[in-house]
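Comments concern the structure below.
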Amino acid sequence: MISQAFHPVIGGSERQAFEISKALAARGVSVTVLTRQPGGLPGEETLEGVLVKRFSCPGSGVLNSAVFMVKIFFWMLAHRAGYEAVHVHLASSPAVAAAVAARLTGRRTVIKLGGGKGVDEITLSQRTIAGRLKLAFFRAVRPELLVMNVEVMDWLKNSKEFSGLRLRRFRNGVDTGRYTPLLYNEKINAKAALGLDNSAIFLFVGRLSPEKRVKELVETWAELISEETAPPKIRLVIVGGGPDGPALKSAVADLGVSGTVVLAGPKDDLLPYYRAADVFLLPSISEGLSNSMLEAMACGLAVTASRVGGARDAVTPGVNGCLFDPLNRAELKTCLRGFIADRSLALKMGEQARKTAVEKYSMARVADELMGIYSE
């Protein structure tokens with residue numbers, strides 16, 4: 001496995017890389033992760049059966065990336081007898097070094113694309129000379145690219161500019177043994193443990209950045225509250241940190257919704273929040289396939305998500321959740337009002353969300369399919 005950052009660094013790609021590595025290791029596969037060495041972390045350690053090798057890379061920006069590329073390239077050549085497949089998380093600069101080394105050693109190589117359309121590595125690469133050279137290189141050596149949602153897959157397949165790329169539809173996975181639903185009484189206790197009453201809890205988990213549109217979510221929430229004749233018994237819990245954090249805090253105060261909106265900040269353990277919540281919210285303008293959404297579904301939460309990226313593949317409106325146009329506040333409010341009017345709706349849809357997570361996105365199924373891909 002090659003990843004620019006890895007556990008305990010927190011991020012969607014890092015979380016998925018760790019979960020996949022653990023699942024493969026549990027099947028008896030020897031997994032080595034090559035990554036950068038942040039300050040304070042050892043150069044080598046074993047985490048839950050996964051060998052993590054961290055390379056010290058001085059400087060920043062281009063220099064840092066270049067050093068990391070060189071180090072993983074020569075490590076792959078020197079240890080060619082010790083691995084049979086290479087899985088690169090994100091099509092960033094290390095993927096170039098990995099693809100070259102894999103070509104020289106004859107090892108199977110797959111590269112996972114991250115992000116939704118418009119914020120993915122392909123789009124970002126088009127904006128720089130180095131990025132365009134990287135894309136030309138991928139078209140020449142043709143490593144297999146794992147694409148996380150139909151939206152990006154269709155865009156790349158139908159674009160002449162990317163006709164040389166080898167694409168495979170894939171998906172993220174979730175540990176459905178760890179992320180599980182609670183019984184009714186257990187959920188009440190989970191709410192109380194977080195200092196929440198038995199209100200309907202709407203939950204957002206993710207990075208507080210512009211593409212997530214969390215500030216717009218709070219604005220819509222304030223409109224909804226003001227339009228109700230009687231204050232509904234609901235809470236919006238927001239878990240995460242990021243550049244939009246200060247603006248979000250100000251918006252909650254200015255809009256007068258501090259009584260119904262909880263800014264919990266970033267958390268290492270998200271399970272208590274999934275267990276306390278009833279409905280998971282994902283208002284992003286662009287998404288790949290949200291790990292948090294899959295974890296919430298596995299915990300039996302109904303989903304209200306913008307009609308983009310992997311949510312379009314995972315959520316069936318009226319069955320396990322509700323989809324809306326991320327730029328249409330009226331649609332979002334309609335979704336929210338449905339759950340407010342009928343508390344049992346979240347329970348029914350949550351049961352179906354759990355079923356979807358187990359049948360389509362369980363990490364056990366994803367790991368099995370990856371083993372097949374590696375061995376081709």
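Please note that chains go A, B, ... in the order of the structure tokens, that every chain numbers its residues from 1, and that ligands are numbered from 1 in the order shown.
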Discussion item. Taking 3 positions as the minimum chain separation for residues in the same chain, which residues sit within 12 Å of region 64-77 of chain A when counting only C-alpha atoms? Answer as a PyMOL selection string.
Written reply: chain A and resi 1-5+32-38+53-61+80-86+88+92-107
Check which residues of region 9-115 of chain A sit at most 12 Å from region 185-206 of chain A using only C-alpha atoms, and return one row each with the closest pair of atoms and their distance in Å to one decimal, ordered by chain and rising number, as CSV.
residue,atom,partner,partner_atom,distance
A:Ile10,CA,A:Gly206,CA,10.6
A:Gly11,CA,A:Gly206,CA,8.8
A:Gly12,CA,A:Gly206,CA,8.7
Using the selection just defined, write its residues with N, CA and C atoms as a PDB file, in the first residue's frame.
ATOM      1  N   ILE A  10      -5.685  11.669  10.252  1.00  0.00           N
ATOM      2  CA  ILE A  10      -7.114  11.464  10.029  1.00  0.00           C
ATOM      3  C   ILE A  10      -7.546  12.115   8.717  1.00  0.00           C
ATOM      4  N   GLY A  11      -8.229  11.358   7.898  1.00  0.00           N
ATOM      5  CA  GLY A  11      -8.783  11.835   6.639  1.00  0.00           C
ATOM      6  C   GLY A  11      -9.485  10.677   5.970  1.00  0.00           C
ATOM      7  N   GLY A  12     -10.342  10.961   5.008  1.00  0.00           N
ATOM      8  CA  GLY A  12     -11.114   9.905   4.365  1.00  0.00           C
ATOM      9  C   GLY A  12     -10.238   8.860   3.700  1.00  0.00           C
TER      10      GLY A  12
END
Worksheet item: Using only C-alpha atoms, which of A:Gly114, A:Gly39, A:Pro317, A:Gly256 sits nearest Glu14 (chain A)?
Response: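 Distance minimum relative to Glu14 (chain A) lands on A:Gly114.
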Item to complete: Please identify which residues in region 182-326 of chain A DSSP calls strand (DSSP E or B) from the backbone, and express them as JSON, numbers by chain.
Response: {"A": [200, 201, 202, 203, 204, 205, 234, 235, 236, 237, 238, 239, 261, 262, 263, 264, 265, 279, 280, 281, 282, 302, 303, 304, 305, 306, 317, 321, 322, 323, 324]}
Item to complete: Tell me, as a list in words, which residues lie within 8 Å of Arg166 (chain A), counting only C-alpha atoms; anything in the same chain fewer than 3 positions away does not count.
Response: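 That gives Arg142, Pro143, Glu144 and Leu145 of chain A.
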Store the residues of this selection in a file with N, CA and C atoms, as a PDB file, in the first residue's frame.
ATOM      1  N   ARG A 142      -0.708   3.175 -18.472  1.00  0.00           N
ATOM      2  CA  ARG A 142      -2.030   2.591 -18.271  1.00  0.00           C
ATOM      3  C   ARG A 142      -2.146   1.731 -17.015  1.00  0.00           C
ATOM      4  N   PRO A 143      -1.854   2.305 -15.839  1.00  0.00           N
ATOM      5  CA  PRO A 143      -2.188   1.586 -14.612  1.00  0.00           C
ATOM      6  C   PRO A 143      -3.708   1.565 -14.463  1.00  0.00           C
ATOM      7  N   GLU A 144      -4.224   0.609 -13.712  1.00  0.00           N
ATOM      8  CA  GLU A 144      -5.674   0.543 -13.549  1.00  0.00           C
ATOM      9  C   GLU A 144      -6.112   1.516 -12.464  1.00  0.00           C
ATOM     10  N   LEU A 145      -7.110   2.341 -12.765  1.00  0.00           N
ATOM     11  CA  LEU A 145      -7.618   3.332 -11.832  1.00  0.00           C
ATOM     12  C   LEU A 145      -8.949   2.851 -11.247  1.00  0.00           C
TER      13      LEU A 145
END
Worksheet, complete the sentence: Of A:Lys333, A:Ala264, A:Leu301, A:Leu345, the one nearest to Gly318 (chain A) when counting only C-alpha atoms is A:Leu345
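The protein and nucleic acid residues lying at most 10 Å from Leu327 (chain A) are Arg213, Glu216, Pro283, Ser284, Ile285, Ser306, Glu331 and Leu332 of chain A, with only C-alpha atoms considered and sequence neighbours fewer than 4 positions away removed.
The nearest approach to Arg365 (chain A) among the residues A:Thr109, A:Arg139, A:Thr176, A:Lys117, with only C-alpha atoms taken into account, belongs to A:Thr176.
Proximity of A:Asn149, A:Asn320, A:Ser13, A:Asn172 to Ala367 (chain A), computed with only C-alpha atoms, is greatest for A:Asn172.
Shortest separation to Gly309 (chain A) among A:Val119, A:Ala140, A:Leu124, A:Leu165 occurs at residue A:Val119, atoms counted being only C-alpha atoms.
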Item to complete: To one decimal in Å, tell me the separation between CA of Ile111 (chain A) and CA of Met153 (chain A).
Response: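 Distance between the two atoms: 14.1 Å.
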Fill in: Pick from A:Leu289, A:Val141, A:Val174, A:Val252 nearest to Ala23 (chain A), counting only C-alpha atoms
A:Val174
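A straight line drawn from CA of Thr316 (chain A) to CA of Thr260 (chain A) is 28.2 Å long.
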Practice prompt. Quick one: pull the distance between CA of Lys112 (chain A) and CA of Met148 (chain A), Å, one decimal.
Written response: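 CA of Met148 (chain A) lies 8.0 Å from CA of Lys112 (chain A).
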